[in-house]
>>> print(open('target_8.txt').read())   # compact mmCIF, C-alpha atoms
# COMPACT_ATOMS: atom_id res chain seq x y z
CA MET A 211 129.42 90.98 84.00
CA SER A 212 127.09 91.94 81.12
CA LEU A 213 124.60 89.17 80.45
CA THR A 214 121.89 88.53 77.91
CA PHE A 215 118.67 86.71 78.74
CA PRO A 216 117.66 83.97 78.70
CA LEU A 217 121.00 83.18 80.30
CA ARG A 218 122.56 79.98 78.99
CA VAL A 219 123.93 77.87 81.89
CA LYS A 220 124.63 74.19 82.49
CA ALA A 221 123.73 73.79 86.17
CA VAL A 222 122.25 75.67 89.13
CA MET A 223 123.29 76.09 92.78
CA ILE A 224 120.64 77.24 95.25
CA ASP A 225 120.98 78.61 98.78
CA LEU A 226 118.81 77.09 101.53
CA ASP A 227 117.76 79.51 104.31
CA GLY A 228 115.88 82.47 102.88
CA THR A 229 115.87 81.10 99.33
CA LEU A 230 114.29 77.63 99.39
CA LEU A 231 112.94 77.63 102.94
CA ASP A 232 111.81 80.10 105.57
CA THR A 233 113.62 78.60 108.54
CA ILE A 234 113.34 81.69 110.76
CA PRO A 235 110.46 80.31 112.86
CA ASP A 236 112.58 77.30 113.90
CA LEU A 237 115.72 79.38 114.44
CA ALA A 238 113.80 81.91 116.54
CA VAL A 239 112.24 79.22 118.72
CA ALA A 240 115.66 77.60 119.25
CA ALA A 241 117.34 80.94 119.99
CA ASN A 242 114.75 81.83 122.59
CA MET A 243 114.92 78.35 124.16
CA MET A 244 118.68 78.89 124.46
CA LEU A 245 118.27 82.35 125.95
CA LYS A 246 115.73 81.03 128.47
CA GLN A 247 118.15 78.30 129.60
CA LEU A 248 120.81 80.97 130.06
CA GLY A 249 118.43 83.14 132.09
CA ARG A 250 118.20 85.78 129.37
CA ALA A 251 115.13 87.61 128.02
CA PRO A 252 113.59 86.38 124.74
CA LEU A 253 113.98 88.29 121.47
CA ASP A 254 111.36 89.16 118.86
CA GLU A 255 111.33 86.92 115.81
CA ALA A 256 111.61 90.03 113.59
CA LEU A 257 114.94 90.91 115.22
CA ILE A 258 116.25 87.34 115.01
CA ARG A 259 115.36 87.41 111.29
CA THR A 260 118.05 90.06 110.78
CA PHE A 261 120.65 87.88 112.56
CA VAL A 262 120.48 85.04 110.00
CA GLY A 263 122.93 84.67 107.13
CA LYS A 264 126.40 84.05 108.51
CA GLY A 265 125.82 80.59 109.98
CA ILE A 266 124.67 79.34 113.38
CA PRO A 267 127.69 80.47 115.46
CA LYS A 268 127.15 84.05 114.28
CA LEU A 269 123.42 83.78 114.94
CA VAL A 270 124.13 82.62 118.50
CA GLU A 271 126.60 85.46 119.06
CA ARG A 272 124.13 88.03 117.75
CA ALA A 273 121.31 86.57 119.86
CA LEU A 274 123.48 86.79 122.97
CA ALA A 275 124.43 90.38 122.15
CA GLY A 276 120.90 91.29 121.08
CA SER A 277 122.20 93.12 118.03
CA LEU A 278 123.51 92.54 114.51
CA ASP A 279 127.02 93.88 115.18
CA GLY A 280 127.33 92.95 118.85
CA THR A 281 129.83 90.53 120.34
CA ALA A 282 129.36 88.01 123.12
CA ASP A 283 131.55 87.06 126.05
CA PRO A 284 133.67 84.10 124.82
CA GLU A 285 132.88 81.98 127.86
CA LEU A 286 129.15 82.61 127.53
CA PHE A 287 129.30 81.90 123.81
CA ALA A 288 131.07 78.58 124.47
CA ARG A 289 128.24 77.60 126.82
CA ALA A 290 125.50 78.88 124.56
CA LEU A 291 126.42 77.30 121.21
CA PRO A 292 125.88 73.63 122.21
CA ILE A 293 122.63 74.62 123.96
CA PHE A 294 121.38 76.27 120.77
CA GLU A 295 122.42 73.28 118.66
CA ARG A 296 120.50 70.89 120.91
CA CYS A 297 117.44 73.14 120.88
CA TYR A 298 117.58 73.60 117.12
CA ALA A 299 118.00 69.87 116.45
CA GLY A 300 114.77 69.36 118.39
CA VAL A 301 112.73 71.84 116.33
CA ASN A 302 114.50 71.65 112.93
CA GLY A 303 111.80 71.62 110.24
CA ARG A 304 108.89 71.79 112.68
CA HIS A 305 107.85 75.35 111.79
CA THR A 306 109.81 75.77 108.51
CA LEU A 307 107.90 76.79 105.39
CA ILE A 308 108.66 76.29 101.69
CA TYR A 309 108.55 79.65 99.92
CA PRO A 310 105.94 80.13 97.16
CA GLY A 311 107.24 79.07 93.75
CA VAL A 312 110.05 76.89 95.12
CA LYS A 313 108.51 73.47 94.42
CA GLU A 314 107.30 74.61 91.00
CA GLY A 315 110.71 76.13 90.27
CA LEU A 316 112.57 72.96 91.26
CA ASP A 317 110.21 70.86 89.14
CA GLN A 318 110.80 73.18 86.18
CA LEU A 319 114.60 73.11 86.62
CA ARG A 320 114.53 69.33 86.76
CA GLU A 321 112.30 69.19 83.67
CA GLN A 322 114.77 71.45 81.83
CA GLY A 323 117.57 69.02 82.70
CA PHE A 324 119.64 71.21 85.05
CA PRO A 325 121.84 69.40 87.58
CA LEU A 326 121.11 71.03 90.94
CA ALA A 327 123.15 71.64 94.09
CA CYS A 328 122.14 73.10 97.43
CA VAL A 329 124.94 75.32 98.77
CA THR A 330 124.34 76.61 102.28
CA ASN A 331 126.17 77.91 105.34
CA LYS A 332 123.99 75.74 107.58
CA ALA A 333 125.84 72.82 109.18
CA GLY A 334 125.38 69.46 107.49
CA SER A 335 123.85 67.89 110.61
CA PHE A 336 120.92 70.31 110.22
CA THR A 337 120.89 70.70 106.42
CA LEU A 338 120.44 67.09 105.35
CA PRO A 339 117.63 66.23 107.82
CA LEU A 340 115.85 69.47 106.90
CA LEU A 341 115.98 68.79 103.16
CA GLU A 342 114.69 65.25 103.80
CA HIS A 343 111.94 66.47 106.13
CA MET A 344 110.78 69.07 103.60
CA LYS A 345 110.96 66.48 100.78
CA LEU A 346 113.47 68.55 98.79
CA ALA A 347 116.48 66.23 99.05
CA PRO A 348 115.71 64.24 95.85
CA TYR A 349 116.13 67.37 93.72
CA PHE A 350 119.80 67.85 94.60
CA ALA A 351 122.70 65.89 93.16
CA GLU A 352 125.06 67.70 95.55
CA VAL A 353 124.66 69.32 98.96
CA VAL A 354 127.47 71.54 100.22
CA ALA A 355 126.87 72.58 103.83
CA GLY A 356 128.62 75.14 105.97
CA ASP A 357 130.99 72.55 107.43
CA THR A 358 131.56 70.46 104.28
CA LEU A 359 134.68 72.48 103.43
CA PRO A 360 137.23 74.58 105.38
CA ARG A 361 135.54 77.82 104.29
CA LYS A 362 131.95 78.86 103.63
CA LYS A 363 130.18 81.67 101.78
CA PRO A 364 131.03 84.52 101.13
CA ASP A 365 134.26 82.65 100.34
CA PRO A 366 134.02 81.27 96.78
CA LEU A 367 135.24 77.78 97.79
CA PRO A 368 131.78 76.14 98.19
CA LEU A 369 130.83 77.37 94.72
CA THR A 370 134.08 76.44 92.96
CA HIS A 371 133.98 73.05 94.72
CA THR A 372 130.46 72.46 93.36
CA CYS A 373 131.55 73.48 89.86
CA GLU A 374 134.39 70.95 90.04
CA LYS A 375 132.05 68.20 91.26
CA PHE A 376 129.78 68.86 88.27
CA GLY A 377 132.71 69.32 85.86
CA ILE A 378 131.37 72.75 84.90
CA GLU A 379 133.15 76.09 84.51
CA PRO A 380 131.97 78.75 87.01
CA ARG A 381 130.69 80.99 84.21
CA ASP A 382 128.26 78.17 83.26
CA MET A 383 126.95 77.62 86.82
CA LEU A 384 124.21 79.91 88.16
CA MET A 385 123.98 80.74 91.88
CA ILE A 386 120.53 81.62 93.24
CA GLY A 387 120.48 83.10 96.73
CA ASP A 388 119.08 85.82 98.91
CA SER A 389 122.02 87.65 100.43
CA LEU A 390 125.32 89.48 100.23
CA ASN A 391 127.02 86.16 101.09
CA ASP A 392 125.67 84.61 97.89
CA ALA A 393 126.47 87.65 95.75
CA GLN A 394 130.06 87.96 97.00
CA ALA A 395 130.73 84.23 96.74
CA ALA A 396 129.40 84.11 93.19
CA ARG A 397 131.35 87.16 92.05
CA ALA A 398 134.56 85.79 93.58
CA ALA A 399 133.98 82.38 91.97
CA GLY A 400 133.09 83.85 88.57
CA CYS A 401 129.50 82.56 88.58
CA PRO A 402 126.42 84.49 87.47
CA VAL A 403 124.08 85.16 90.40
CA PHE A 404 120.37 85.87 90.91
CA CYS A 405 118.80 86.92 94.22
CA VAL A 406 115.23 86.47 95.42
CA THR A 407 113.39 89.45 96.90
CA TYR A 408 111.93 87.68 99.95
CA GLY A 409 115.00 86.34 101.78
CA TYR A 410 116.94 87.50 104.80
CA ASN A 411 120.14 89.36 103.76
CA GLU A 412 120.57 90.53 107.37
CA GLY A 413 117.68 92.98 106.96
CA ARG A 414 119.10 94.79 103.91
CA ASP A 415 117.50 95.23 100.48
CA VAL A 416 118.90 92.85 97.83
CA ARG A 417 118.45 95.60 95.23
CA GLU A 418 121.65 97.14 96.63
CA LEU A 419 123.70 94.05 95.73
CA ASP A 420 125.96 93.45 92.73
CA ILE A 421 123.88 90.73 91.09
CA ASP A 422 122.70 89.80 87.61
CA ALA A 423 118.96 89.56 88.23
CA ILE A 424 116.38 89.98 90.99
CA VAL A 425 113.51 87.47 90.99
CA THR A 426 110.35 87.22 93.05
CA SER A 427 110.43 83.42 93.08
CA LEU A 428 112.49 80.42 92.06
CA LEU A 429 109.91 79.76 89.35
CA GLU A 430 110.53 83.24 87.90
CA ALA A 431 114.28 82.47 87.85
CA THR A 432 113.64 79.47 85.58
CA ARG A 433 112.19 81.81 82.94
CA LEU A 434 115.44 83.76 82.76
CA ILE A 435 117.69 80.77 82.03
CA GLN A 436 118.13 78.17 79.31
CA LYS A 437 119.97 74.85 79.40
CA GLU A 438 123.24 75.04 77.48
>>> encode(input="target_8.txt", output="C-alpha cells")
Amino acid sequence: MSLTFPLRVKAVMIDLDGTLLDTIPDLAVAANMMLKQLGRAPLDEALIRTFVGKGIPKLVERALAGSLDGTADPELFARALPIFERCYAGVNGRHTLIYPGVKEGLDQLREQGFPLACVTNKAGSFTLPLLEHMKLAPYFAEVVAGDTLPRKKPDPLPLTHTCEKFGIEPRDMLMIGDSLNDAQAARAAGCPVFCVTYGYNEGRDVRELDIDAIVTSLLEATRLIQKE
C-alpha cells in the first residue's frame, strides 16, 4: 500500500496493551502470583514482557513453560489459567502506566473529530475495568475485546467488525498498534496501520513489520493523519 501523508482517514482504532497502556507490571505480578501458587519459581518482568501479545491464555502457557515458544502440560494449564485470571483481576490497573503522548494524542484525535475504537486481544472482563480505571473509556465509541468476537487479532475480524460498526470502509480506518498482530490484522482487513516504537511485539523490533508508519507516540501519529 503506497500512501501519501498526511493520510486522510475517517476513524481510528487503537490497540490497548503496549500502545495505550504499559500493563506489563500488572501482568508480571499476576503471573508470578500464579506461579507461586503452583509451587513454581518466579520469572523476571523483562522475560514476561516478551510473552505478551497473543492474549492471556498464551501468556499463561508461556509463563508455565518459561519461554516464548514453549508449551505447557494441558492439565497444568487448565489449573493455572483460572488462578492467573483471579490474580490479574485483583491487580488490574494497580501498576499500569499510560504511555507518554497517549492522553495528548487522544485529546488531539477527539479535537480533530475522529471516532475512536479500542481493539484489543485482552478479555472484556479486564479491558473495560482497566479503561475506566485509567480514565480512558470516555474516548472510545467502541471497544472490541479479545472475547467480543469468535476470532481475535491477527485475524482481521475485530477490525472489519469495527469498520462495519462505524459504517466506514477499511481503507478509511487507521489501526494504531505495537505488534505483528496489529500489522497482520490490518493488512488482512485492508486498513492502513501505524506502529509505536515502545510496545511489546513479543520482543521483536517493529521496524521489521509491514506497516505504513512508525511513530514514537500517539501524539506523533495525529500529525500524520487528517480527517476525511
>>> atom_distance(input="target_8.txt", atom1="atom CA of A:Thr229", atom2="atom CA of A:Cys401")
17.4 Å
>>> residues_around(input="target_8.txt", residues="A:Ala288", least_positions_apart="5", cutoff="12 Å", atoms="all atoms listed in the file", output="PyMOL selection string")
chain A and resi 248+267+270-271+274+282-283+293-295
>>> residues_around(input="target_8.txt", residues="A:Met223", least_positions_apart="5", cutoff="8 Å", atoms="all atoms listed in the file", output="number ranges by chain")
A: 326-329, 369, 383-386
>>> residues_around(input="target_8.txt", residues="A:Ala240", least_positions_apart="2", cutoff="9 Å", atoms="all atoms listed in the file", output="ChimeraX atom specification")
/A:235-238,242-245,293-302
>>> closest_residue(input="target_8.txt", among="A:Thr372, A:Thr281, A:Thr233, A:Thr260", to="A:Gly303", atoms="all atoms listed in the file")
A:Thr233
>>> closest_residue(input="target_8.txt", among="A:Thr330, A:Thr358, A:Thr407, A:Thr426", to="A:Asp392", atoms="all atoms listed in the file")
A:Thr330
>>> residues_around(input="target_8.txt", residues="A:Leu217", least_positions_apart="3", cutoff="6 Å", atoms="only C-alpha atoms", output="list in words")
Thr214, Ile435 and Gln436 of chain A
>>> write_last_selection(input="target_8.txt", atoms="C-alpha atoms", output="PDB file, in the frame of the given file")
ATOM      1  CA  THR A 214     121.890  88.530  77.910  1.00  0.00           C
ATOM      2  CA  ILE A 435     117.690  80.770  82.030  1.00  0.00           C
ATOM      3  CA  GLN A 436     118.130  78.170  79.310  1.00  0.00           C
TER       4      GLN A 436
END
>>> residues_around(input="target_8.txt", residues="A:Gly263", least_positions_apart="3", cutoff="10 Å", atoms="all atoms listed in the file", output="ChimeraX atom specification")
/A:227-228,259-260,266,268-269,330-332,363,388-392,409-413
>>> axis_aligned_box(input="target_8.txt", around="stretch 239-258 of chain A", padding_each_side="3 Å", output="JSON")
{"center_x": 116.1, "center_y": 84.3, "center_z": 122.8, "size_x": 15.5, "size_y": 19.3, "size_z": 24.5}
>>> residues_near_point(input="target_8.txt", point="(127.8, 69.3, 102.2)", cutoff="9 Å", atoms="only C-alpha atoms", output="PDB file with C-alpha atoms, in the frame of the given file")
ATOM      1  CA  CYS A 328     122.140  73.100  97.430  1.00  0.00           C
ATOM      2  CA  VAL A 329     124.940  75.320  98.770  1.00  0.00           C
ATOM      3  CA  THR A 330     124.340  76.610 102.280  1.00  0.00           C
ATOM      4  CA  ALA A 333     125.840  72.820 109.180  1.00  0.00           C
ATOM      5  CA  GLY A 334     125.380  69.460 107.490  1.00  0.00           C
ATOM      6  CA  THR A 337     120.890  70.700 106.420  1.00  0.00           C
ATOM      7  CA  LEU A 338     120.440  67.090 105.350  1.00  0.00           C
ATOM      8  CA  GLU A 352     125.060  67.700  95.550  1.00  0.00           C
ATOM      9  CA  VAL A 353     124.660  69.320  98.960  1.00  0.00           C
ATOM     10  CA  VAL A 354     127.470  71.540 100.220  1.00  0.00           C
ATOM     11  CA  ALA A 355     126.870  72.580 103.830  1.00  0.00           C
ATOM     12  CA  GLY A 356     128.620  75.140 105.970  1.00  0.00           C
ATOM     13  CA  ASP A 357     130.990  72.550 107.430  1.00  0.00           C
ATOM     14  CA  THR A 358     131.560  70.460 104.280  1.00  0.00           C
ATOM     15  CA  LEU A 359     134.680  72.480 103.430  1.00  0.00           C
ATOM     16  CA  PRO A 368     131.780  76.140  98.190  1.00  0.00           C
TER      17      PRO A 368
END
>>> residues_near_point(input="target_8.txt", point="(117.3, 68.2, 77.1)", cutoff="10 Å", atoms="only C-alpha atoms", output="number ranges by chain")
A: 321-324, 437-438
>>> atom_distance(input="target_8.txt", atom1="atom CA of A:Val222", atom2="atom CA of A:Val262")
22.9 Å
>>> closest_residue(input="target_8.txt", among="A:Ala290, A:Arg414, A:Pro366, A:Arg381", to="A:Phe261", atoms="only C-alpha atoms")
A:Arg414
>>> closest_residue(input="target_8.txt", among="A:Leu428, A:Ile234, A:Ile421, A:Leu434", to="A:Asp317", atoms="only C-alpha atoms")
A:Leu428
>>> atom_distance(input="target_8.txt", atom1="atom CA of A:Glu314", atom2="atom CA of A:Val416")
22.7 Å
>>> closest_residue(input="target_8.txt", among="A:Cys405, A:Lys264, A:Phe376, A:Pro325", to="A:Pro348", atoms="only C-alpha atoms")
A:Pro325
